[in-house]
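Peer 1: Okay, handing you the structure first.
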Amino acid sequence: MEKKLEDEVWVRAERRCEYCQMPQDFDVLTFQIDHVIAISHGGPTVSANLALACFHCNSYKGPNLSGIDPRTRKIVPLINPRRHKWTRHFRWKEAILVGRTPAGRATIATLKINLDHRIAHREALIDEGVFPPA
């Protein structure tokens, strides 16, 4: 991937994971550029198909395009950071990310955003007054 394209993704995301909103500055693992539609599904390496993702979100997302909404148990598309507004699908309840929509809930479940250690990390950042992002 060209450096110019990588830089564009980082700047657009404001150095935050576009799924869980964790800032790179507060994560020891380097963030990755995610193909929203994976290369294995024909997704191109273009700005409109790229999102900045923390290691945790990206490793659980993998090539997934959909997940199971834990409320309805139906298969639904995961959110697409290039096409969906984050605040429409998610809200914070202290350190826990809550899904507002089936896609939001499925994304949280599939990416395991509310694992205990991830919540504990966010709680510590909240105590420091640096999370969630404004």
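Ligands are numbered from 1 in the order shown, residues from 1 within each chain, and chains are lettered A, B, ... in the order they appear in the structure tokens.
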Mind the document's chain letters and residue numbers, and return as JSON, numbers by chain the residues of region 4-133 of chain A that DSSP labels strand (DSSP E).

Peer 2: {"A": [32, 33, 34, 35, 50, 51, 52, 53, 66, 67, 68, 75, 76, 77, 90, 91, 92, 93, 96, 97, 98, 99]}

Peer 1: Determine, using only C-alpha atoms, which residues of region 20-85 of chain A have any atom at most 7 Å from an atom of region 112-130 of chain A, and tabulate each with its shortest atom pair and distance in Å to one decimal place, rows ordered by chain and then rising number, as a tab-separated table.

Peer 2:
```
residue	atom	partner	partner_atom	distance
A:Cys20	CA	A:Ile113	CA	6.6
A:Cys57	CA	A:Ile113	CA	6.9
A:Tyr60	CA	A:Lys112	CA	6.9
```

Peer 1: Okay, now the selection with N, CA and C atoms, as a JSON list (two decimals), in the first residue's frame?

Peer 2:
```
[["chain", "number", "residue", "atom", "x", "y", "z"],
["A", 20, "CYS", "N", -13.91, 0.65, 17.60],
["A", 20, "CYS", "CA", -14.08, 0.84, 19.05],
["A", 20, "CYS", "C", -13.69, 2.23, 19.54],
["A", 57, "CYS", "N", -9.70, -5.24, 17.35],
["A", 57, "CYS", "CA", -10.87, -5.21, 16.46],
["A", 57, "CYS", "C", -10.55, -5.89, 15.13],
["A", 60, "TYR", "N", -10.34, -9.77, 15.31],
["A", 60, "TYR", "CA", -11.63, -10.45, 15.43],
["A", 60, "TYR", "C", -12.49, -10.24, 14.19]]
```

Peer 1: If we count only C-alpha atoms and set the cut-off at 10 Å, which residues sit around Pro23 (chain A), ignoring sequence neighbours fewer than 2 positions away in its own chain? Please answer as number ranges by chain.

Peer 2: A: 13-18, 20-21, 25-27, 31, 53-54, 130-133

Peer 1: Residues within 12 Å of Arg91 (chain A), please, as a list in words. Count only C-alpha atoms; anything in the same chain fewer than 5 positions from it doesn't count.

Peer 2: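 Here the answer would be Tyr19, Cys20, Gln21, Lys85, Trp86, Ile96, Leu97, Val98, Gly99, Arg100, Thr101, Gly104, Arg105, Ile108, Pro132 and Pro133 of chain A.
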
Peer 1: Next, write the just-selected residues to a file, as a compact mmCIF listing (two decimals), in the first residue's frame, keeping C-alpha atoms as the atom set.

Peer 2:
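Writing the result to selection_28.txt gives the following:
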```txt
# COMPACT_ATOMS: atom_id res chain seq x y z
CA TYR A 19 -14.73 0.40 15.29
CA CYS A 20 -14.08 0.84 19.05
CA GLN A 21 -12.73 4.43 18.98
CA LYS A 85 -22.17 7.05 10.92
CA TRP A 86 -20.60 5.67 14.13
CA ILE A 96 -19.13 -0.37 27.70
CA LEU A 97 -19.95 0.09 24.05
CA VAL A 98 -23.67 -0.38 23.42
CA GLY A 99 -25.16 -1.14 20.02
CA ARG A 100 -28.08 1.04 18.99
CA THR A 101 -28.89 -1.03 15.88
CA GLY A 104 -24.00 -2.10 15.87
CA ARG A 105 -24.79 -5.00 18.19
CA ILE A 108 -19.68 -5.32 19.00
CA PRO A 132 -14.03 8.35 25.22
CA PRO A 133 -12.93 10.71 22.45
```

Peer 1: Taking into account only C-alpha atoms, which residue in the set A:His89, A:Pro102, A:Leu29, A:Val46 is nearest to Thr72 (chain A)?

Peer 2: A:Pro102

Peer 1: Which is closer to Asn64 (chain A) than all the others in A:Ala106, A:Val28, A:Ala95, A:Met1, using only C-alpha atoms?

Peer 2: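 Of all the options, A:Ala106 lies closest to Asn64 (chain A).
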
Peer 1: State, in Å with one decimal place, the distance from CA of Ala109 (chain A) to CA of Phe90 (chain A).

Peer 2: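 Spanning CA of Ala109 (chain A) to CA of Phe90 (chain A) is a straight-line distance of 12.4 Å.
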
Peer 1: Can you tell me which residues surround Pro77 (chain A) at a distance of at most 8 Å, considering only C-alpha atoms, apart from same-chain residues fewer than 4 positions away, and format the answer as JSON, numbers by chain?

Peer 2: {"A": [65, 66, 67, 103, 106]}

Peer 1: Can you spit out the residues from that selection as a PDB file, in the first residue's frame, using N, CA and C atoms?

Peer 2:
```pdb
ATOM      1  N   LEU A  65     -17.982  -9.933   6.944  1.00  0.00           N
ATOM      2  CA  LEU A  65     -18.831  -8.848   6.454  1.00  0.00           C
ATOM      3  C   LEU A  65     -20.117  -8.763   7.259  1.00  0.00           C
ATOM      4  N   SER A  66     -20.414  -9.831   8.020  1.00  0.00           N
ATOM      5  CA  SER A  66     -21.647  -9.873   8.793  1.00  0.00           C
ATOM      6  C   SER A  66     -21.382 -10.581  10.120  1.00  0.00           C
ATOM      7  N   GLY A  67     -22.367 -10.472  10.996  1.00  0.00           N
ATOM      8  CA  GLY A  67     -22.302 -11.117  12.297  1.00  0.00           C
ATOM      9  C   GLY A  67     -23.715 -11.397  12.764  1.00  0.00           C
ATOM     10  N   ALA A 103     -26.892  -3.857  13.376  1.00  0.00           N
ATOM     11  CA  ALA A 103     -25.513  -3.841  12.851  1.00  0.00           C
ATOM     12  C   ALA A 103     -24.516  -3.454  13.943  1.00  0.00           C
ATOM     13  N   ALA A 106     -24.197  -6.456  16.339  1.00  0.00           N
ATOM     14  CA  ALA A 106     -23.449  -7.547  15.704  1.00  0.00           C
ATOM     15  C   ALA A 106     -21.969  -7.202  15.598  1.00  0.00           C
TER      16      ALA A 106
END
```

Peer 1: So which bits of chain A end up helix (DSSP H, G or I) when you DSSP the backbone, as a VMD selection string?

Peer 2: chain A and resid 3 to 12 24 to 26 39 to 41 47 to 49 55 to 61 86 to 89 102 to 110 116 to 127

Peer 1: Please compute the CA of Ala38 (chain A)-CA of Lys3 (chain A) distance, one decimal, in Å.

Peer 2: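 If I compute the distance from CA of Ala38 (chain A) to CA of Lys3 (chain A), I get 19.6 Å.
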
Peer 1: Counting only C-alpha atoms, which of A:Asn80, A:Asn58, A:Thr107, A:Asn49 gets nearest to His35 (chain A)?

Peer 2: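 Using only C-alpha atoms, His35 (chain A) sits closest to A:Asn49.
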
Peer 1: With only C-alpha atoms as the basis for distance, which of A:Pro81, A:Ser59, A:Arg73, A:Arg12 is at the shortest distance from Val36 (chain A)?

Peer 2: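 Among A:Pro81, A:Ser59, A:Arg73, A:Arg12, it is A:Pro81 that comes nearest to Val36 (chain A).
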
Peer 1: So how far away is CA of Ile37 (chain A) from CA of Leu5 (chain A), in Å?

Peer 2: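 If I compute the distance from CA of Leu5 (chain A) to CA of Ile37 (chain A), I get 16.6 Å.
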
Peer 1: Rank nothing, just name the residue among A:Lys61, A:Ala134, A:Thr110, A:Glu8 nearest to Thr87 (chain A), using only C-alpha atoms.

Peer 2: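 Ranking A:Lys61, A:Ala134, A:Thr110, A:Glu8 by distance to Thr87 (chain A), first place goes to A:Ala134.
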